[in-house]
>>> print(open('final_28.cif').read())   # mmCIF, C-alpha atoms
data_structure
loop_
_atom_site.label_atom_id
_atom_site.label_comp_id
_atom_site.auth_asym_id
_atom_site.auth_seq_id
_atom_site.Cartn_x
_atom_site.Cartn_y
_atom_site.Cartn_z
CA MET A 1 45.32 -7.12 116.02
CA HIS A 2 47.35 -5.04 113.58
CA ASN A 3 45.45 -6.40 110.54
CA LYS A 4 42.14 -6.10 112.36
CA ILE A 5 42.73 -2.41 113.02
CA PHE A 6 43.69 -1.78 109.40
CA ALA A 7 40.50 -3.47 108.27
CA GLU A 8 38.36 -1.71 110.85
CA ILE A 9 39.58 1.75 109.91
CA SER A 10 39.71 1.31 106.14
CA ARG A 11 36.26 -0.22 105.86
CA ARG A 12 34.77 2.84 107.55
CA ASN A 13 35.70 5.18 104.71
CA LEU A 14 38.85 6.43 106.37
CA LEU A 15 40.49 6.64 102.97
CA LYS A 16 39.82 10.18 101.92
CA GLY A 17 42.38 10.25 99.15
CA ALA A 18 44.92 12.65 100.59
CA ALA A 19 46.22 14.94 97.88
CA TRP A 20 49.96 15.27 97.44
CA ALA A 21 50.09 18.55 95.55
CA THR A 22 53.29 20.50 95.56
CA ALA A 23 52.90 23.76 97.41
CA GLY A 24 56.24 25.19 96.37
CA ILE A 25 59.95 25.24 96.99
CA VAL A 26 61.22 27.37 99.80
CA SER A 27 64.59 28.09 101.42
CA ALA A 28 65.69 29.07 104.99
CA ARG A 29 68.45 30.02 107.56
CA LEU A 30 70.85 28.02 109.74
CA PHE A 31 70.09 28.27 113.46
CA SER A 32 71.44 25.20 115.23
CA THR A 33 74.51 23.05 115.52
CA THR A 34 72.68 20.01 114.08
CA ALA A 35 71.60 21.78 110.91
CA HIS A 36 74.98 21.23 109.20
CA ALA A 37 73.79 17.72 108.33
CA ALA A 38 70.69 19.06 106.59
CA GLY A 39 70.44 19.06 102.84
CA GLY A 40 68.56 17.81 99.83
CA GLU A 41 64.79 17.74 99.53
CA LEU A 42 62.34 17.54 102.42
CA ASN A 43 58.74 16.47 101.94
CA ILE A 44 56.42 17.69 104.70
CA MET A 45 52.72 17.49 105.41
CA ALA A 46 51.22 20.04 107.78
CA TRP A 47 48.13 22.02 108.60
CA GLU A 48 47.64 25.12 106.49
CA GLY A 49 49.69 27.93 108.06
CA TYR A 50 51.68 25.52 110.26
CA ASP A 51 54.32 24.36 107.78
CA LEU A 52 56.98 26.89 108.94
CA ASN A 53 57.56 28.05 105.38
CA VAL A 54 57.97 31.62 106.60
CA GLU A 55 59.53 30.96 110.01
CA LEU A 56 62.31 28.70 108.67
CA ALA A 57 62.95 30.47 105.37
CA ASP A 58 66.47 31.59 106.35
CA TRP A 59 67.42 28.14 107.64
CA ARG A 60 66.37 26.54 104.38
CA LYS A 61 68.28 29.09 102.36
CA ALA A 62 71.48 28.59 104.36
CA THR A 63 71.35 24.79 104.20
CA GLY A 64 70.20 24.58 100.60
CA VAL A 65 67.27 22.44 101.66
CA THR A 66 64.32 22.51 99.28
CA VAL A 67 60.87 21.75 100.58
CA GLN A 68 57.87 20.18 98.98
CA SER A 69 54.89 20.77 101.28
CA SER A 70 51.29 19.67 101.16
CA SER A 71 48.44 20.82 103.38
CA MET A 72 46.31 18.62 105.59
CA THR A 73 42.57 19.13 105.56
CA SER A 74 42.15 16.64 108.42
CA GLN A 75 44.40 14.32 110.43
CA ASP A 76 43.19 11.43 108.29
CA ASP A 77 45.17 12.86 105.38
CA VAL A 78 48.40 11.79 107.07
CA HIS A 79 47.72 8.10 107.59
CA THR A 80 45.39 7.50 104.64
CA PRO A 81 48.23 6.80 102.14
CA PHE A 82 49.75 4.24 104.52
CA LEU A 83 46.45 2.40 104.86
CA ALA A 84 46.18 2.36 101.09
CA GLY A 85 49.36 0.30 100.98
CA ASN A 86 51.37 2.86 99.03
CA PRO A 87 53.27 4.97 101.59
CA PRO A 88 54.23 8.36 100.11
CA GLY A 89 57.67 9.87 100.50
CA ILE A 90 56.79 12.01 103.51
CA ASP A 91 59.81 12.99 105.62
CA VAL A 92 58.03 15.04 108.29
CA ALA A 93 54.37 15.28 109.23
CA GLU A 94 52.19 16.42 112.11
CA TYR A 95 50.05 14.34 114.40
CA ASN A 96 47.48 15.59 116.85
CA HIS A 97 48.16 14.31 120.38
CA ALA A 98 45.05 12.12 120.25
CA TYR A 99 46.52 10.02 117.44
CA ALA A 100 49.76 9.07 119.20
CA ASP A 101 48.76 5.55 120.24
CA LEU A 102 47.15 4.81 116.89
CA TYR A 103 50.19 5.96 114.92
CA ILE A 104 52.90 4.52 117.17
CA ARG A 105 51.49 1.22 118.39
CA GLU A 106 48.62 0.23 116.15
CA LEU A 107 49.45 1.44 112.65
CA GLN A 108 53.20 1.57 113.40
CA ILE A 109 53.88 4.36 110.90
CA VAL A 110 56.23 6.39 113.14
CA LYS A 111 60.01 6.20 113.03
CA PRO A 112 61.85 6.96 116.33
CA LEU A 113 63.81 10.21 116.58
CA ASP A 114 67.48 10.47 117.54
CA ARG A 115 67.57 12.72 120.60
CA SER A 116 71.20 13.61 119.99
CA LYS A 117 70.03 15.43 116.85
CA LEU A 118 67.45 17.45 118.79
CA PRO A 119 69.26 19.67 121.33
CA ASN A 120 66.27 22.02 121.42
CA TYR A 121 64.15 19.16 122.75
CA SER A 122 65.20 19.62 126.36
CA ALA A 123 63.75 20.12 129.83
CA ASP A 124 65.49 23.48 129.87
CA ASN A 125 63.64 24.67 126.78
CA LEU A 126 60.21 23.02 126.99
CA PHE A 127 57.40 23.40 129.46
CA ASP A 128 57.27 20.26 131.61
CA ALA A 129 53.86 19.33 130.15
CA PHE A 130 55.53 18.73 126.77
CA PHE A 131 58.77 17.03 127.78
CA ASP A 132 59.06 13.22 127.74
CA LYS A 133 55.35 12.62 128.21
CA PRO A 134 53.81 9.31 127.03
CA THR A 135 52.09 10.99 124.09
CA TRP A 136 55.51 11.47 122.48
CA PHE A 137 57.99 9.47 124.57
CA SER A 138 57.49 5.81 125.50
CA ASP A 139 59.37 2.51 125.65
CA GLY A 140 62.62 4.46 125.85
CA GLN A 141 62.00 6.08 122.46
CA LEU A 142 61.18 9.62 121.42
CA TRP A 143 58.56 9.19 118.72
CA ALA A 144 57.69 12.81 118.05
CA ALA A 145 58.42 16.35 119.21
CA PRO A 146 55.48 18.52 120.28
CA TYR A 147 55.91 21.97 118.78
CA ILE A 148 52.65 23.91 119.03
CA TRP A 149 49.55 23.79 121.20
CA GLY A 150 46.40 25.75 121.76
CA MET A 151 42.66 25.57 121.58
CA ASN A 152 39.94 25.61 118.98
CA SER A 153 36.73 27.42 119.80
CA ILE A 154 33.95 29.58 118.36
CA VAL A 155 35.26 32.09 115.83
CA TYR A 156 32.87 34.92 115.00
CA ASN A 157 32.52 38.32 113.35
CA PRO A 158 32.13 40.89 116.17
CA LYS A 159 30.45 43.34 113.80
CA ARG A 160 27.65 40.87 113.22
CA LEU A 161 27.03 39.39 116.67
CA GLN A 162 28.04 39.60 120.30
CA ALA A 163 30.51 37.12 121.70
CA PRO A 164 28.68 33.79 122.13
CA THR A 165 28.82 32.40 125.67
CA SER A 166 27.53 28.96 124.70
CA TYR A 167 27.44 26.83 121.58
CA ALA A 168 23.67 27.10 121.95
CA ASP A 169 23.90 30.83 121.19
CA LEU A 170 24.67 29.88 117.60
CA LEU A 171 21.17 28.41 117.28
CA LYS A 172 19.46 31.80 117.52
CA PRO A 173 16.92 32.26 114.70
CA GLU A 174 18.79 35.20 113.19
CA LEU A 175 21.84 32.96 112.67
CA LYS A 176 19.99 30.40 110.58
CA GLY A 177 22.22 29.77 107.57
CA ARG A 178 24.87 32.10 108.99
CA ILE A 179 27.10 29.57 110.79
CA ALA A 180 29.47 26.83 109.64
CA ILE A 181 30.77 23.51 110.92
CA TRP A 182 34.32 22.35 110.23
CA ASP A 183 34.77 18.84 108.83
CA GLU A 184 37.52 17.93 111.32
CA PRO A 185 36.74 15.01 113.69
CA THR A 186 39.30 15.86 116.40
CA VAL A 187 37.57 19.23 116.76
CA MET A 188 33.91 18.45 116.18
CA TRP A 189 33.43 15.07 117.85
CA PRO A 190 34.18 16.38 121.38
CA ILE A 191 31.75 19.27 120.73
CA ALA A 192 29.02 16.86 119.62
CA ALA A 193 29.49 14.91 122.85
CA ARG A 194 29.44 18.07 124.99
CA VAL A 195 26.24 19.57 123.56
CA ALA A 196 24.57 16.21 124.20
CA GLY A 197 25.68 16.24 127.83
CA LEU A 198 28.18 13.42 127.25
CA GLY A 199 31.38 15.45 127.22
CA GLU A 200 32.87 13.89 130.35
CA LYS A 201 32.61 10.43 128.80
CA TYR A 202 34.24 11.30 125.49
CA PRO A 203 35.72 9.37 123.72
CA GLN A 204 34.42 6.32 125.58
CA LEU A 205 30.82 6.57 124.35
CA THR A 206 28.64 3.61 123.50
CA ARG A 207 27.27 3.29 119.99
CA ASP A 208 23.84 4.42 121.21
CA GLU A 209 25.43 7.45 122.89
CA VAL A 210 27.29 8.33 119.69
CA ASN A 211 24.01 8.28 117.79
CA ALA A 212 22.39 10.41 120.50
CA ALA A 213 25.28 12.89 120.35
CA PHE A 214 25.01 13.37 116.61
CA THR A 215 21.23 13.53 116.77
CA GLU A 216 21.53 16.47 119.19
CA PHE A 217 24.35 18.04 117.19
CA GLY A 218 22.07 17.82 114.18
CA LYS A 219 20.45 21.04 115.43
CA TRP A 220 23.67 22.89 114.56
CA ARG A 221 24.02 21.09 111.23
CA ASP A 222 20.48 22.04 110.26
CA HIS A 223 21.22 25.63 111.25
CA ALA A 224 24.50 25.78 109.30
CA ARG A 225 25.20 27.20 105.88
CA LEU A 226 27.85 24.57 105.23
CA ILE A 227 30.15 21.91 106.61
CA ALA A 228 33.51 23.26 105.45
CA LEU A 229 36.08 20.84 104.09
CA ASN A 230 39.05 22.89 105.30
CA MET A 231 40.15 26.13 106.92
CA GLY A 232 40.51 27.84 103.56
CA GLU A 233 36.83 27.34 102.90
CA LEU A 234 35.94 28.73 106.32
CA ILE A 235 38.06 31.82 105.68
CA ASN A 236 36.44 32.40 102.29
CA PHE A 237 32.92 32.28 103.70
CA MET A 238 33.82 34.51 106.65
CA VAL A 239 35.60 37.07 104.47
CA SER A 240 32.78 37.14 101.92
CA GLY A 241 30.28 37.79 104.72
CA GLU A 242 28.24 34.69 103.92
CA ILE A 243 28.62 33.37 107.47
CA ASP A 244 29.08 35.10 110.81
CA ALA A 245 30.47 32.32 113.00
CA VAL A 246 32.08 28.90 113.01
CA VAL A 247 30.96 26.45 115.69
CA CYS A 248 34.56 25.55 116.48
CA ALA A 249 37.65 26.45 114.46
CA ASP A 250 41.37 27.07 114.57
CA PRO A 251 42.04 30.72 115.52
CA ALA A 252 44.63 30.75 112.74
CA ILE A 253 41.78 31.78 110.45
CA ILE A 254 41.59 35.06 112.38
CA VAL A 255 45.07 36.05 111.18
CA GLN A 256 44.31 35.02 107.61
CA ALA A 257 41.04 36.96 107.63
CA GLN A 258 42.85 40.04 108.95
CA GLN A 259 45.11 39.85 105.90
CA GLN A 260 41.93 40.38 103.88
CA ASN A 261 40.75 43.28 106.09
CA VAL A 262 38.12 41.30 107.98
CA GLU A 263 38.29 41.30 111.77
CA LEU A 264 37.29 38.10 113.56
CA GLU A 265 37.44 37.15 117.22
CA ILE A 266 37.40 33.99 119.30
CA ALA A 267 34.79 33.25 121.98
CA TYR A 268 35.10 30.76 124.83
CA PRO A 269 31.74 29.09 125.48
CA LYS A 270 30.82 27.69 128.88
CA GLU A 271 31.03 24.15 127.50
CA GLY A 272 34.74 24.75 126.89
CA ALA A 273 37.17 25.08 124.00
CA VAL A 274 38.96 22.05 122.56
CA LEU A 275 42.58 21.81 123.71
CA TRP A 276 45.16 20.17 121.47
CA VAL A 277 48.89 19.64 120.99
CA ASP A 278 50.51 18.95 117.62
CA ALA A 279 53.84 17.19 117.18
CA TRP A 280 56.28 16.69 114.33
CA PHE A 281 57.18 13.09 113.55
CA MET A 282 59.09 11.11 110.94
CA PRO A 283 56.89 8.60 109.11
CA VAL A 284 58.41 5.21 108.29
CA SER A 285 58.55 6.41 104.68
CA CYS A 286 61.10 9.12 105.56
CA ASP A 287 64.22 8.87 103.41
CA ASN A 288 65.99 12.05 104.55
CA GLU A 289 66.29 11.53 108.30
CA GLU A 290 69.13 13.99 108.92
CA THR A 291 67.24 16.88 107.36
CA ALA A 292 63.93 15.84 108.89
CA GLN A 293 65.43 15.90 112.38
CA ALA A 294 67.26 19.16 111.73
CA PHE A 295 63.92 20.65 110.66
CA ILE A 296 62.20 19.37 113.82
CA ASN A 297 64.99 20.75 115.97
CA GLU A 298 64.67 24.19 114.38
CA ALA A 299 60.92 24.08 114.96
CA LEU A 300 61.72 24.05 118.70
CA ASN A 301 64.03 27.07 118.54
CA PRO A 302 62.48 29.62 120.97
CA GLU A 303 62.43 32.48 118.46
CA VAL A 304 60.90 30.27 115.77
CA GLN A 305 58.40 29.01 118.32
CA ALA A 306 57.32 32.57 119.10
CA LYS A 307 56.96 33.47 115.43
CA VAL A 308 54.74 30.53 114.55
CA ALA A 309 52.62 30.96 117.70
CA MET A 310 51.96 34.59 116.83
CA ALA A 311 51.25 33.72 113.21
CA VAL A 312 48.50 31.24 114.09
CA ASN A 313 47.15 32.71 117.36
CA GLN A 314 48.28 29.68 119.35
CA ALA A 315 50.95 28.89 121.94
CA PRO A 316 54.58 27.68 121.96
CA VAL A 317 55.78 24.55 123.74
CA SER A 318 59.05 26.37 124.53
CA LYS A 319 58.99 28.31 127.78
CA LYS A 320 61.93 30.36 126.48
CA ALA A 321 59.75 31.49 123.58
CA VAL A 322 57.40 33.49 125.82
CA GLU A 323 59.82 36.39 126.03
CA PHE A 324 59.76 36.72 122.25
CA LEU A 325 55.96 36.93 122.01
CA ASP A 326 54.20 40.24 121.52
CA GLU A 327 52.03 41.52 124.36
CA LYS A 328 48.76 40.30 122.88
CA SER A 329 50.12 36.78 122.44
CA ARG A 330 51.52 36.69 125.99
CA LYS A 331 48.10 37.59 127.36
CA ARG A 332 46.24 35.02 125.28
CA PHE A 333 47.38 32.13 127.50
CA ALA A 334 48.27 31.84 131.17
CA PHE A 335 51.85 30.75 130.58
CA ASP A 336 52.53 30.47 134.30
CA GLN A 337 49.85 27.76 134.47
CA VAL A 338 50.61 25.71 131.36
CA ASP A 339 51.48 22.54 133.23
CA GLN A 340 48.29 22.75 135.32
CA MET A 341 46.18 23.37 132.21
CA LEU A 342 47.54 20.33 130.41
CA LYS A 343 47.23 18.09 133.48
CA ALA A 344 43.48 18.45 133.17
CA GLY A 345 43.77 16.22 130.13
CA LEU A 346 43.44 16.45 126.38
CA PRO A 347 40.58 14.91 124.42
CA GLY A 348 41.57 11.63 122.83
CA ILE A 349 40.03 9.68 119.98
CA PRO A 350 37.83 6.60 120.13
CA PRO A 351 39.57 3.20 120.20
CA ALA A 352 40.74 1.89 116.84
CA ALA A 353 38.78 -1.31 117.42
CA SER A 354 36.29 -2.36 120.07
CA ASP A 355 35.04 -5.75 121.24
CA SER A 356 32.56 -4.12 123.64
CA ASP A 357 29.64 -1.74 123.36
CA ILE A 358 32.07 1.20 123.29
CA ALA A 359 32.03 2.80 119.84
CA SER A 360 35.21 2.37 117.81
CA TYR A 361 36.89 4.99 115.65
CA GLY A 362 35.22 3.37 112.66
CA ASP A 363 31.81 3.60 114.33
CA TRP A 364 32.34 7.31 114.92
CA LEU A 365 33.43 7.84 111.33
CA GLN A 366 30.36 6.06 110.03
CA ALA A 367 28.13 8.17 112.30
CA TRP A 368 29.98 11.33 111.21
CA GLN A 369 29.46 10.53 107.54
CA SER A 370 25.74 9.98 108.18
CA PHE A 371 25.62 13.23 110.14
CA LYS A 372 27.18 15.17 107.27
CA ALA A 373 24.72 13.56 104.87
CA GLY A 374 21.86 14.87 106.99
CA LYS A 375 20.74 11.45 108.21
#
>>> encode(input="final_28.cif", output="structure tokens")
Amino acid sequence: MHNKIFAEISRRNLLKGAAWATAGIVSARLFSTTAHAAGGELNIMAWEGYDLNVELADWRKATGVTVQSSSMTSQDDVHTPFLAGNPPGIDVAEYNHAYADLYIRELQIVKPLDRSKLPNYSADNLFDAFFDKPTWFSDGQLWAAPYIWGMNSIVYNPKRLQAPTSYADLLKPELKGRIAIWDEPTVMWPIAARVAGLGEKYPQLTRDEVNAAFTEFGKWRDHARLIALNMGELINFMVSGEIDAVVCADPAIIVQAQQQNVELEIAYPKEGAVLWVDAWFMPVSCDNEETAQAFINEALNPEVQAKVAMAVNQAPVSKKAVEFLDEKSRKRFAFDQVDQMLKAGLPGIPPAASDSDIASYGDWLQAWQSFKAGK
């Protein structure tokens, strides 16, 4: 089964050629009792704006840890090097909740964490929805530590249009060539299913249903100026005024656009935003476990949690962090209902392989590539 999954994923063009470019060397401050073991170099891979370069600067400085960081453009960037048979020296990386089973059980690229090194990973600190749940904790092992969660939804320029109430609002004639789609499967595939009326079945769609979903979603593609490769490209087009809205994007681009004097807002369409949870994990290629786990522990520090949540317009997994949020950030989410919100479920990903009519991850990737090519 393990070899079959590797073949299934790789033959569907999963290998995007993740770039390992050095983003810089940063230093930071000591916060916890476990950080004394930290030292040396730490290689991390994270979403743009989520690498904690700013939030953990003092910890890095105090420990003497140097960091080499590279940005993800999609979740595929993390596991692509492992599928290529040449695992890179990544010490810490992020995985979206939907990839837990694939990473832990199928591809087996996750190294268990030592809970004794993670005092901030505790029931006292975390909302119940994030503590010892199967997505991160199973078979008596802690595989990853959730550290940030939130939702992706329509991001738009309020000076150019009113808040959309449906994804269909982005198909208005005046928005032809003024919207963008983000090339990120975990975000866009659930939206494609929803606009086709198949959202409740996602990700368990048949191959025919996948084709129907992308055929319907083709209306948005044909209306779009571009399918952006990454968040940086989305920001550039929004700031330049070339587009007015993104079908579904990370609200972190709002903060980055504000830094360039462009105000953006997020809208919540009736079809729903896309909920997600990201976790830090140690890949099997990690060769600096002490520092990797010290880094993960500091990422769960309540004050650090609040800082990163405010920086990216998302939410902390630490309930103690809420008191450190500014008023706007506290109002963005119903923090007294976090556990209920997450019980409703998070969108997964299609099965890695399928012996039935249900479309596999590879089938979805093939359909997505055809979609992007306009077919």
>>> closest_residue(input="final_28.cif", among="A:Ala224, A:Met238, A:Val210, A:Ala306", to="Asp363 (chain A)", atoms="all atoms listed in the file")
A:Val210
>>> closest_residue(input="final_28.cif", among="A:Asp287, A:Glu216, A:Asp278, A:Glu41", to="Ala93 (chain A)", atoms="all atoms listed in the file")
A:Asp278
>>> resolve_selection(input="final_28.cif", expression="the PyMOL selection byres ((chain A and resi 67) around 12)", output="ChimeraX atom specification")
/A:22-28,38-45,51-54,56-57,59-61,63-66,68-70,90-92,288,291-292,295
>>> residues_around(input="final_28.cif", residues="Lys343 (chain A)", least_positions_apart="5", cutoff="12 Å", atoms="only C-alpha atoms", output="ChimeraX atom specification")
/A:128-130,133,275,337-338
>>> resolve_selection(input="final_28.cif", expression="the PyMOL selection byres ((chain A and resi 110) around 6)", output="tab-separated table (two decimals) with C-alpha atoms, keeping the file's coordinate frame")
chain	number	residue	atom	x	y	z
A	104	ILE	CA	52.90	4.52	117.17
A	108	GLN	CA	53.20	1.57	113.40
A	109	ILE	CA	53.88	4.36	110.90
A	111	LYS	CA	60.01	6.20	113.03
A	282	MET	CA	59.09	11.11	110.94
A	283	PRO	CA	56.89	8.60	109.11
A	284	VAL	CA	58.41	5.21	108.29
>>> resolve_selection(input="final_28.cif", expression="the PyMOL selection byres ((chain A and resi 199) around 12)", output="PyMOL selection string")
chain A and resi 188-198+200-205+209-210+213+271-274+347-348
>>> closest_residue(input="final_28.cif", among="A:Trp143, A:Phe237, A:Phe217, A:Tyr50", to="Met310 (chain A)", atoms="only C-alpha atoms")
A:Tyr50
>>> closest_residue(input="final_28.cif", among="A:Thr206, A:Asn211, A:Asn297, A:Ser116", to="Ser360 (chain A)", atoms="only C-alpha atoms")
A:Thr206
>>> residues_around(input="final_28.cif", residues="Tyr156 (chain A)", least_positions_apart="6", cutoff="7 Å", atoms="only C-alpha atoms", output="PDB file with C-alpha atoms, in the frame of the given file")
ATOM      1  CA  ASP A 244      29.080  35.100 110.810  1.00  0.00           C
ATOM      2  CA  ALA A 245      30.470  32.320 113.000  1.00  0.00           C
ATOM      3  CA  VAL A 246      32.080  28.900 113.010  1.00  0.00           C
ATOM      4  CA  LEU A 264      37.290  38.100 113.560  1.00  0.00           C
ATOM      5  CA  GLU A 265      37.440  37.150 117.220  1.00  0.00           C
ATOM      6  CA  ILE A 266      37.400  33.990 119.300  1.00  0.00           C
TER       7      ILE A 266
END
>>> atom_distance(input="final_28.cif", atom1="CA of Phe131 (chain A)", atom2="CA of Asp114 (chain A)")
15.0 Å
>>> atom_distance(input="final_28.cif", atom1="CA of Leu226 (chain A)", atom2="CA of Gln314 (chain A)")
25.4 Å
>>> residues_around(input="final_28.cif", residues="Phe127 (chain A)", least_positions_apart="3", cutoff="10 Å", atoms="all atoms listed in the file", output="number ranges by chain")
A: 122-124, 130-131, 316-320, 335-336, 338-339
>>> atom_distance(input="final_28.cif", atom1="CA of Lys331 (chain A)", atom2="CA of Asn313 (chain A)")
11.2 Å
>>> residues_around(input="final_28.cif", residues="Tyr103 (chain A)", least_positions_apart="5", cutoff="12 Å", atoms="all atoms listed in the file", output="MDAnalysis selection string")
chainID A and resid 2 5:6 75:76 78:80 82:83 93:98 108:112 135:136 143:144 281:284 349 352
>>> closest_residue(input="final_28.cif", among="A:Asn152, A:Gln340, A:Asn261, A:Thr215", to="Val187 (chain A)", atoms="only C-alpha atoms")
A:Asn152
>>> closest_residue(input="final_28.cif", among="A:Trp280, A:Trp149, A:Tyr167, A:Tyr361", to="Trp220 (chain A)", atoms="only C-alpha atoms")
A:Tyr167
>>> residues_around(input="final_28.cif", residues="Asp326 (chain A)", least_positions_apart="6", cutoff="12 Å", atoms="all atoms listed in the file", output="list of chain:residue names")
A:Glu303, A:Ala306, A:Lys307, A:Val308, A:Ala309, A:Met310, A:Ala311, A:Asn313, A:Ala315, A:Arg332
>>> build_atoms(input="final_28.cif", residues="region 83-100 of chain A", atoms="N, CA and C atoms", output="mmCIF file, in the coordinates of the input")
data_model
loop_
_atom_site.group_PDB
_atom_site.id
_atom_site.type_symbol
_atom_site.label_atom_id
_atom_site.label_comp_id
_atom_site.auth_asym_id
_atom_site.auth_seq_id
_atom_site.Cartn_x
_atom_site.Cartn_y
_atom_site.Cartn_z
ATOM 1 N N LEU A 83 47.492 3.420 104.860
ATOM 2 C CA LEU A 83 46.450 2.400 104.860
ATOM 3 C C LEU A 83 46.180 1.895 103.455
ATOM 4 N N ALA A 84 46.411 2.753 102.482
ATOM 5 C CA ALA A 84 46.180 2.360 101.090
ATOM 6 C C ALA A 84 47.265 1.427 100.576
ATOM 7 N N GLY A 85 48.305 1.224 101.373
ATOM 8 C CA GLY A 85 49.360 0.300 100.980
ATOM 9 C C GLY A 85 50.395 0.884 100.056
ATOM 10 N N ASN A 86 50.402 2.200 99.909
ATOM 11 C CA ASN A 86 51.370 2.860 99.030
ATOM 12 C C ASN A 86 51.931 4.083 99.741
ATOM 13 N N PRO A 87 52.766 3.861 100.780
ATOM 14 C CA PRO A 87 53.270 4.970 101.590
ATOM 15 C C PRO A 87 53.971 6.028 100.744
ATOM 16 N N PRO A 88 53.584 7.286 100.878
ATOM 17 C CA PRO A 88 54.230 8.360 100.110
ATOM 18 C C PRO A 88 55.572 8.726 100.730
ATOM 19 N N GLY A 89 56.363 9.468 99.999
ATOM 20 C CA GLY A 89 57.670 9.870 100.500
ATOM 21 C C GLY A 89 57.582 11.070 101.419
ATOM 22 N N ILE A 90 56.898 10.921 102.538
ATOM 23 C CA ILE A 90 56.790 12.010 103.510
ATOM 24 C C ILE A 90 57.955 11.898 104.485
ATOM 25 N N ASP A 91 58.692 12.986 104.681
ATOM 26 C CA ASP A 91 59.810 12.990 105.620
ATOM 27 C C ASP A 91 59.405 13.500 106.999
ATOM 28 N N VAL A 92 58.495 14.461 107.025
ATOM 29 C CA VAL A 92 58.030 15.040 108.290
ATOM 30 C C VAL A 92 56.536 15.312 108.169
ATOM 31 N N ALA A 93 55.798 14.992 109.211
ATOM 32 C CA ALA A 93 54.370 15.280 109.230
ATOM 33 C C ALA A 93 53.941 15.593 110.651
ATOM 34 N N GLU A 94 52.741 16.096 110.790
ATOM 35 C CA GLU A 94 52.190 16.420 112.110
ATOM 36 C C GLU A 94 51.211 15.340 112.559
ATOM 37 N N TYR A 95 51.189 15.085 113.866
ATOM 38 C CA TYR A 95 50.050 14.340 114.400
ATOM 39 C C TYR A 95 49.495 15.054 115.622
ATOM 40 N N ASN A 96 48.187 15.091 115.685
ATOM 41 C CA ASN A 96 47.480 15.590 116.850
ATOM 42 C C ASN A 96 47.717 14.611 118.003
ATOM 43 N N HIS A 97 47.841 15.139 119.215
ATOM 44 C CA HIS A 97 48.160 14.310 120.380
ATOM 45 C C HIS A 97 47.274 13.066 120.491
ATOM 46 N N ALA A 98 46.007 13.214 120.074
ATOM 47 C CA ALA A 98 45.050 12.120 120.250
ATOM 48 C C ALA A 98 45.383 10.909 119.395
ATOM 49 N N TYR A 99 46.218 11.099 118.365
ATOM 50 C CA TYR A 99 46.520 10.020 117.440
ATOM 51 C C TYR A 99 47.817 9.285 117.779
ATOM 52 N N ALA A 100 48.455 9.640 118.877
ATOM 53 C CA ALA A 100 49.760 9.070 119.200
ATOM 54 C C ALA A 100 49.713 7.541 119.284
#
